[in-house]
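Q: Below is the file coords_37.tsv, which contains TSV, C-alpha atoms.
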```
chain	number	residue	atom	x	y	z
Y	15	MET	CA	-10.96	-3.43	20.06
Y	16	THR	CA	-8.61	-6.20	19.04
Y	17	HIS	CA	-9.25	-8.74	16.35
Y	18	ASP	CA	-7.83	-12.19	15.72
Y	19	ILE	CA	-6.30	-11.51	12.31
Y	20	SER	CA	-4.16	-13.75	10.14
Y	21	ILE	CA	-1.93	-12.45	7.37
Y	22	ARG	CA	-1.65	-14.43	4.15
Y	23	ARG	CA	0.12	-13.81	0.89
Y	24	TYR	CA	-2.40	-12.96	-1.80
Y	25	CYS	CA	-0.86	-15.44	-4.27
Y	26	ASP	CA	-1.30	-18.27	-1.73
Y	27	LEU	CA	-5.05	-17.76	-1.33
Y	28	PRO	CA	-7.23	-20.40	-2.98
Y	29	ALA	CA	-10.26	-18.17	-3.65
Y	30	ARG	CA	-8.58	-15.06	-5.07
Y	31	ALA	CA	-11.53	-14.04	-7.27
Y	32	GLU	CA	-13.75	-13.70	-4.20
Y	33	MET	CA	-10.94	-11.97	-2.32
Y	34	VAL	CA	-10.48	-9.41	-5.11
Y	35	ARG	CA	-14.09	-8.28	-4.78
Y	36	ALA	CA	-13.60	-7.72	-1.05
Y	37	ILE	CA	-10.23	-6.00	-1.63
Y	38	ASP	CA	-11.86	-3.72	-4.21
Y	39	ASP	CA	-14.62	-2.82	-1.75
Y	40	ILE	CA	-12.05	-1.86	0.88
Y	41	PHE	CA	-9.94	-0.01	-1.71
Y	42	PHE	CA	-12.79	2.21	-2.87
Y	43	GLN	CA	-14.24	2.64	0.62
Y	44	SER	CA	-10.83	3.81	1.92
Y	45	SER	CA	-9.93	6.05	-1.01
Y	46	ASN	CA	-9.86	9.82	-0.72
Y	47	THR	CA	-11.43	9.85	-4.19
Y	48	GLN	CA	-15.06	8.84	-3.86
Y	49	SER	CA	-16.61	9.94	-7.14
Y	50	PHE	CA	-15.53	9.37	-10.71
Y	51	ALA	CA	-16.62	10.91	-14.01
Y	52	ASP	CA	-17.41	7.47	-15.42
Y	53	GLU	CA	-16.65	3.77	-15.04
Y	54	LYS	CA	-13.54	4.03	-17.25
Y	55	THR	CA	-12.03	6.69	-14.97
Y	56	ARG	CA	-12.88	4.57	-11.92
Y	57	ALA	CA	-11.20	1.52	-13.50
Y	58	GLN	CA	-8.09	3.54	-14.38
Y	59	PHE	CA	-7.87	4.79	-10.78
Y	60	ARG	CA	-8.10	1.24	-9.46
Y	61	GLU	CA	-5.46	0.00	-11.92
Y	62	ARG	CA	-3.08	2.78	-10.95
Y	63	TRP	CA	-3.19	2.28	-7.17
Y	64	LEU	CA	-4.10	-1.41	-6.81
Y	65	GLY	CA	-4.61	-3.43	-9.98
Y	66	ARG	CA	-1.09	-3.26	-11.41
Y	67	TYR	CA	0.27	-4.59	-8.11
Y	68	LEU	CA	-2.07	-7.56	-8.04
Y	69	ILE	CA	-1.27	-8.36	-11.68
Y	70	HIS	CA	2.50	-7.74	-11.80
Y	71	ASP	CA	3.51	-8.31	-8.18
Y	72	PRO	CA	1.06	-10.76	-6.58
Y	73	GLN	CA	3.89	-12.25	-4.50
Y	74	TRP	CA	4.18	-8.87	-2.70
Y	75	ALA	CA	0.48	-8.54	-1.88
Y	76	TYR	CA	-0.87	-9.61	1.50
Y	77	VAL	CA	-4.37	-10.04	2.85
Y	78	ALA	CA	-5.51	-9.70	6.45
Y	79	LEU	CA	-8.26	-12.22	7.21
Y	80	ASP	CA	-10.60	-12.24	10.18
Y	81	PRO	CA	-11.40	-15.53	12.00
Y	82	ASP	CA	-14.19	-16.23	9.48
Y	83	ALA	CA	-11.72	-15.82	6.56
Y	84	ARG	CA	-13.28	-12.49	5.51
Y	85	VAL	CA	-10.96	-9.81	4.15
Y	86	ALA	CA	-10.19	-7.24	6.84
Y	87	GLY	CA	-7.60	-5.40	4.75
Y	88	TYR	CA	-4.77	-5.74	2.30
Y	89	LEU	CA	-1.30	-4.52	1.42
Y	90	ALA	CA	-0.21	-4.34	-2.21
Y	91	GLY	CA	3.49	-3.75	-2.70
Y	92	CYS	CA	6.41	-3.98	-5.06
Y	93	LEU	CA	10.18	-4.21	-4.71
Y	94	ASP	CA	10.99	-2.48	-8.02
Y	95	ASP	CA	12.15	1.14	-7.91
Y	96	PRO	CA	9.07	2.96	-9.26
Y	97	ALA	CA	11.19	5.80	-10.67
Y	98	LYS	CA	12.88	3.25	-12.97
Y	99	ALA	CA	10.09	0.75	-13.68
Y	100	LEU	CA	8.18	1.62	-16.85
Y	101	ARG	CA	4.83	0.48	-15.43
Y	102	PHE	CA	4.93	3.41	-12.95
Y	103	SER	CA	5.87	6.10	-15.48
Y	104	ASP	CA	2.36	7.57	-15.27
Y	105	ILE	CA	3.01	8.71	-11.67
Y	106	ALA	CA	5.11	11.88	-11.86
Y	107	LEU	CA	5.91	11.96	-8.14
Y	108	TYR	CA	8.26	9.01	-8.54
Y	109	ALA	CA	10.51	11.09	-10.80
Y	110	ARG	CA	10.39	13.91	-8.24
Y	111	PHE	CA	11.62	11.56	-5.51
Y	112	GLN	CA	13.93	9.39	-7.68
Y	113	ASP	CA	17.05	9.98	-5.53
Y	114	LEU	CA	15.14	8.55	-2.58
Y	115	THR	CA	13.39	5.72	-4.43
Y	116	GLU	CA	16.81	4.39	-5.40
Y	117	ARG	CA	17.67	3.98	-1.70
Y	118	PHE	CA	14.14	2.91	-0.72
Y	119	PRO	CA	12.80	1.12	-3.83
Y	120	ALA	CA	10.15	-1.10	-2.24
Y	121	HIS	CA	6.79	0.59	-1.83
Y	122	LEU	CA	3.33	-0.30	-0.68
Y	123	HIS	CA	-0.33	0.65	-0.49
Y	124	ILE	CA	-2.39	-0.52	2.45
Y	125	ASN	CA	-6.05	-0.25	3.36
Y	126	LEU	CA	-8.24	-1.74	6.06
Y	127	ALA	CA	-11.98	-2.00	6.47
Y	128	PRO	CA	-13.03	0.66	9.01
Y	129	GLN	CA	-13.90	-1.82	11.76
Y	130	PHE	CA	-10.34	-3.22	11.67
Y	131	ARG	CA	-8.46	0.08	11.85
Y	132	GLY	CA	-6.48	0.79	14.98
Y	133	ALA	CA	-6.39	-2.83	16.14
Y	134	GLY	CA	-2.99	-3.91	14.82
Y	135	ALA	CA	-3.92	-5.51	11.48
Y	136	GLY	CA	-2.18	-2.74	9.52
Y	137	ALA	CA	1.01	-3.16	11.53
Y	138	GLN	CA	0.87	-6.92	10.90
Y	139	LEU	CA	0.56	-6.32	7.15
Y	140	VAL	CA	3.48	-3.87	7.12
Y	141	SER	CA	5.59	-6.25	9.21
Y	142	ALA	CA	4.92	-9.17	6.85
Y	143	PHE	CA	5.78	-7.14	3.75
Y	144	CYS	CA	8.88	-5.51	5.24
Y	145	GLY	CA	10.20	-8.80	6.59
Y	146	ASP	CA	9.80	-10.54	3.25
Y	147	ALA	CA	11.20	-7.55	1.32
Y	148	ARG	CA	14.27	-7.51	3.58
Y	149	VAL	CA	14.86	-11.23	2.99
Y	150	ALA	CA	14.53	-10.61	-0.77
Y	151	GLY	CA	17.27	-7.98	-0.58
Y	152	ALA	CA	15.37	-4.68	-0.65
Y	153	PRO	CA	17.38	-2.03	1.22
Y	154	GLY	CA	14.37	0.09	2.14
Y	155	VAL	CA	10.68	0.76	1.67
Y	156	HIS	CA	8.74	3.96	1.10
Y	157	VAL	CA	5.25	5.34	0.88
Y	158	ILE	CA	4.09	8.62	-0.60
Y	159	THR	CA	1.02	10.17	0.95
Y	160	SER	CA	-0.43	13.59	1.67
Y	161	ARG	CA	1.10	15.53	4.53
Y	162	GLY	CA	-2.31	15.97	6.17
Y	163	ALA	CA	-3.53	12.38	5.65
Y	164	ARG	CA	-4.55	10.34	8.68
Y	165	ASN	CA	-2.15	7.56	7.65
Y	166	VAL	CA	0.99	9.66	8.34
Y	167	SER	CA	0.86	8.83	12.06
Y	168	PHE	CA	0.24	5.14	11.25
Y	169	TYR	CA	3.40	5.01	9.17
Y	170	ALA	CA	5.39	6.83	11.87
Y	171	ARG	CA	4.30	4.20	14.40
Y	172	ASN	CA	5.55	1.56	11.96
Y	173	GLY	CA	9.06	2.95	11.61
Y	174	PHE	CA	8.67	5.31	8.64
Y	175	VAL	CA	10.25	8.76	8.76
Y	176	GLU	CA	9.75	11.76	6.53
Y	177	LEU	CA	12.64	12.30	4.14
Y	178	ASP	CA	11.20	14.82	1.68
Y	179	SER	CA	8.02	16.54	0.56
Y	180	THR	CA	6.65	18.72	-2.19
Y	181	GLY	CA	5.83	21.45	0.34
Y	182	GLY	CA	4.27	22.24	3.70
Y	183	ASP	CA	0.60	22.35	2.76
Y	184	PRO	CA	-1.52	19.46	4.13
Y	185	ARG	CA	-2.35	18.43	0.54
Y	186	ASP	CA	1.32	18.29	-0.51
Y	187	ALA	CA	2.99	14.92	-1.00
Y	188	VAL	CA	5.32	13.57	1.66
Y	189	PHE	CA	7.90	10.81	1.13
Y	190	LEU	CA	8.09	8.49	4.15
Y	191	ALA	CA	10.72	5.75	4.29
Y	192	ARG	CA	11.99	2.92	6.44
Y	193	THR	CA	15.33	1.14	6.19
Y	194	LEU	CA	14.99	-2.64	5.98
```
Can I see the file as structure tokens?

A:
Amino acid sequence: MTHDISIRRYCDLPARAEMVRAIDDIFFQSSNTQSFADEKTRAQFRERWLGRYLIHDPQWAYVALDPDARVAGYLAGCLDDPAKALRFSDIALYARFQDLTERFPAHLHINLAPQFRGAGAGAQLVSAFCGDARVAGAPGVHVITSRGARNVSFYARNGFVELDSTGGDPRDAVFLARTL
């Protein structure tokens, strides 16, 4: 199934408050973590993987909109090397991969509503981010995911290759990168 999707920069959207609610719904719906000890833990999880990007790097966030201007998905990214940026110091994996993050500093998180997966919206989001990151001077982009995650094949189709991992188990982290 194909969808007529438009990609817009998050910071250019006039109704961001309404968009954030839809982005949050997609974020939590798509997350591997579905239950939280309490609301504080849930809020910390959101801040770690989405919120800090929307606050500190709104110019690197993109929204996929369907023809009725409903949020189909989003990409939240950053051009700063996360192994060097203080706001990412709570994520130990960045230190583990710091030799690679120096070469591929830009990074992203992407999620789509289930009905929009597999129809090209994710590729459009990645293309928009990577094109703009290249113009801004970023030499490369990376993602860190689990080896056994369903998104590994998505990233491979979008030009990302595995450069390192924490091991061979499906739950181990894998560093995927793309030169810009």

Q: Find the spatial neighbours of segment 21-32 of chain Y, counting all atoms listed in the file, within a cut-off of 10 Å - ignore same-chain residues fewer than 2 positions away - and output them as a PDB file with C-alpha atoms, in the coordinates of the input.

A:
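The resulting file, part-v8.pdb, is shown below:
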```
ATOM      1  CA  ILE Y  19      -6.300 -11.510  12.310  1.00  0.00           C
ATOM      2  CA  VAL Y  34     -10.480  -9.410  -5.110  1.00  0.00           C
ATOM      3  CA  ARG Y  35     -14.090  -8.280  -4.780  1.00  0.00           C
ATOM      4  CA  ALA Y  36     -13.600  -7.720  -1.050  1.00  0.00           C
ATOM      5  CA  ILE Y  37     -10.230  -6.000  -1.630  1.00  0.00           C
ATOM      6  CA  LEU Y  68      -2.070  -7.560  -8.040  1.00  0.00           C
ATOM      7  CA  ASP Y  71       3.510  -8.310  -8.180  1.00  0.00           C
ATOM      8  CA  PRO Y  72       1.060 -10.760  -6.580  1.00  0.00           C
ATOM      9  CA  GLN Y  73       3.890 -12.250  -4.500  1.00  0.00           C
ATOM     10  CA  TRP Y  74       4.180  -8.870  -2.700  1.00  0.00           C
ATOM     11  CA  ALA Y  75       0.480  -8.540  -1.880  1.00  0.00           C
ATOM     12  CA  TYR Y  76      -0.870  -9.610   1.500  1.00  0.00           C
ATOM     13  CA  VAL Y  77      -4.370 -10.040   2.850  1.00  0.00           C
ATOM     14  CA  ALA Y  78      -5.510  -9.700   6.450  1.00  0.00           C
ATOM     15  CA  LEU Y  79      -8.260 -12.220   7.210  1.00  0.00           C
ATOM     16  CA  ASP Y  80     -10.600 -12.240  10.180  1.00  0.00           C
ATOM     17  CA  ARG Y  84     -13.280 -12.490   5.510  1.00  0.00           C
ATOM     18  CA  VAL Y  85     -10.960  -9.810   4.150  1.00  0.00           C
ATOM     19  CA  ALA Y  86     -10.190  -7.240   6.840  1.00  0.00           C
ATOM     20  CA  GLY Y  87      -7.600  -5.400   4.750  1.00  0.00           C
ATOM     21  CA  TYR Y  88      -4.770  -5.740   2.300  1.00  0.00           C
ATOM     22  CA  LEU Y  89      -1.300  -4.520   1.420  1.00  0.00           C
ATOM     23  CA  ALA Y  90      -0.210  -4.340  -2.210  1.00  0.00           C
ATOM     24  CA  ALA Y 135      -3.920  -5.510  11.480  1.00  0.00           C
ATOM     25  CA  GLY Y 136      -2.180  -2.740   9.520  1.00  0.00           C
ATOM     26  CA  GLN Y 138       0.870  -6.920  10.900  1.00  0.00           C
ATOM     27  CA  LEU Y 139       0.560  -6.320   7.150  1.00  0.00           C
ATOM     28  CA  SER Y 141       5.590  -6.250   9.210  1.00  0.00           C
ATOM     29  CA  ALA Y 142       4.920  -9.170   6.850  1.00  0.00           C
ATOM     30  CA  PHE Y 143       5.780  -7.140   3.750  1.00  0.00           C
TER      31      PHE Y 143
END
```

Q: Considering all atoms listed in the file, state which residue in the set Y:His70, Y:Arg131, Y:Arg117, Y:Arg56 is at the smallest distance from Phe168 of chain Y.

A: Y:Arg131

Q: Using all atoms listed in the file, which residues sit within 7 Å of segment 149-165 of chain Y once same-chain residues fewer than 2 positions away are excluded, as a ChimeraX atom specification?

A: /Y:93,117-122,145-147,167-169,184-194

Q: What separation in Å, quoted to one decimal, exists between atom CA of Gly65 of chain Y and atom CA of Gly181 of chain Y?

A: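 Computing the Euclidean distance for atom CA of Gly65 of chain Y and atom CA of Gly181 of chain Y yields 28.9 Å.
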
Q: Please measure the separation of atom CA of Phe102 of chain Y and atom CA of Phe59 of chain Y, giving the value in Å to one decimal.

A: 13.1 Å

Q: How many Å lie between atom CA of Glu61 of chain Y and atom CA of Phe42 of chain Y, rounded to one decimal?

A: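 Calculated distance between atom CA of Glu61 of chain Y and atom CA of Phe42 of chain Y is 11.9 Å.
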
Q: Go through Y:Asn172, Y:Asp18, Y:Arg66, Y:Pro128 one by one, measure the shortest atom-to-atom distance of each to Leu100 of chain Y using all atoms listed in the file, and give the residue with the smallest value.

A: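 Once distances to Leu100 of chain Y are computed over all atoms listed in the file, the minimum belongs to Y:Arg66.
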
Q: Measuring between all atoms listed in the file, which one of Y:Asp94, Y:Arg62, Y:Phe130, Y:Asp104 shows the shortest distance to Glu116 of chain Y?

A: Y:Asp94

Q: Closest to Tyr108 of chain Y among Y:Thr180, Y:Val166, Y:Met33, Y:Asp39, using all atoms listed in the file?

A: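 Of all the options, Y:Thr180 lies closest to Tyr108 of chain Y.
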
Q: Which is closer to Asp113 of chain Y than all the others in Y:Gly134, Y:Leu64, Y:Asp38, Y:Leu177, using all atoms listed in the file?

A: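 Of all the options, Y:Leu177 lies closest to Asp113 of chain Y.
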
Q: Return the single residue from Y:Ile124, Y:Ala137, Y:Lys54, Y:Trp63 that is closest to Arg101 of chain Y, with distances computed using only C-alpha atoms.

A: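 Checking each of Y:Ile124, Y:Ala137, Y:Lys54, Y:Trp63 against Arg101 of chain Y, counting only C-alpha atoms, the winner is Y:Trp63.
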
Q: Just want the 9 Å neighbourhood of Ala109 of chain Y, counted on all atoms listed in the file, with same-chain residues fewer than 3 positions away dropped. Output as a ChimeraX atom specification.

A: /Y:96-98,103,105-106,112-113,115
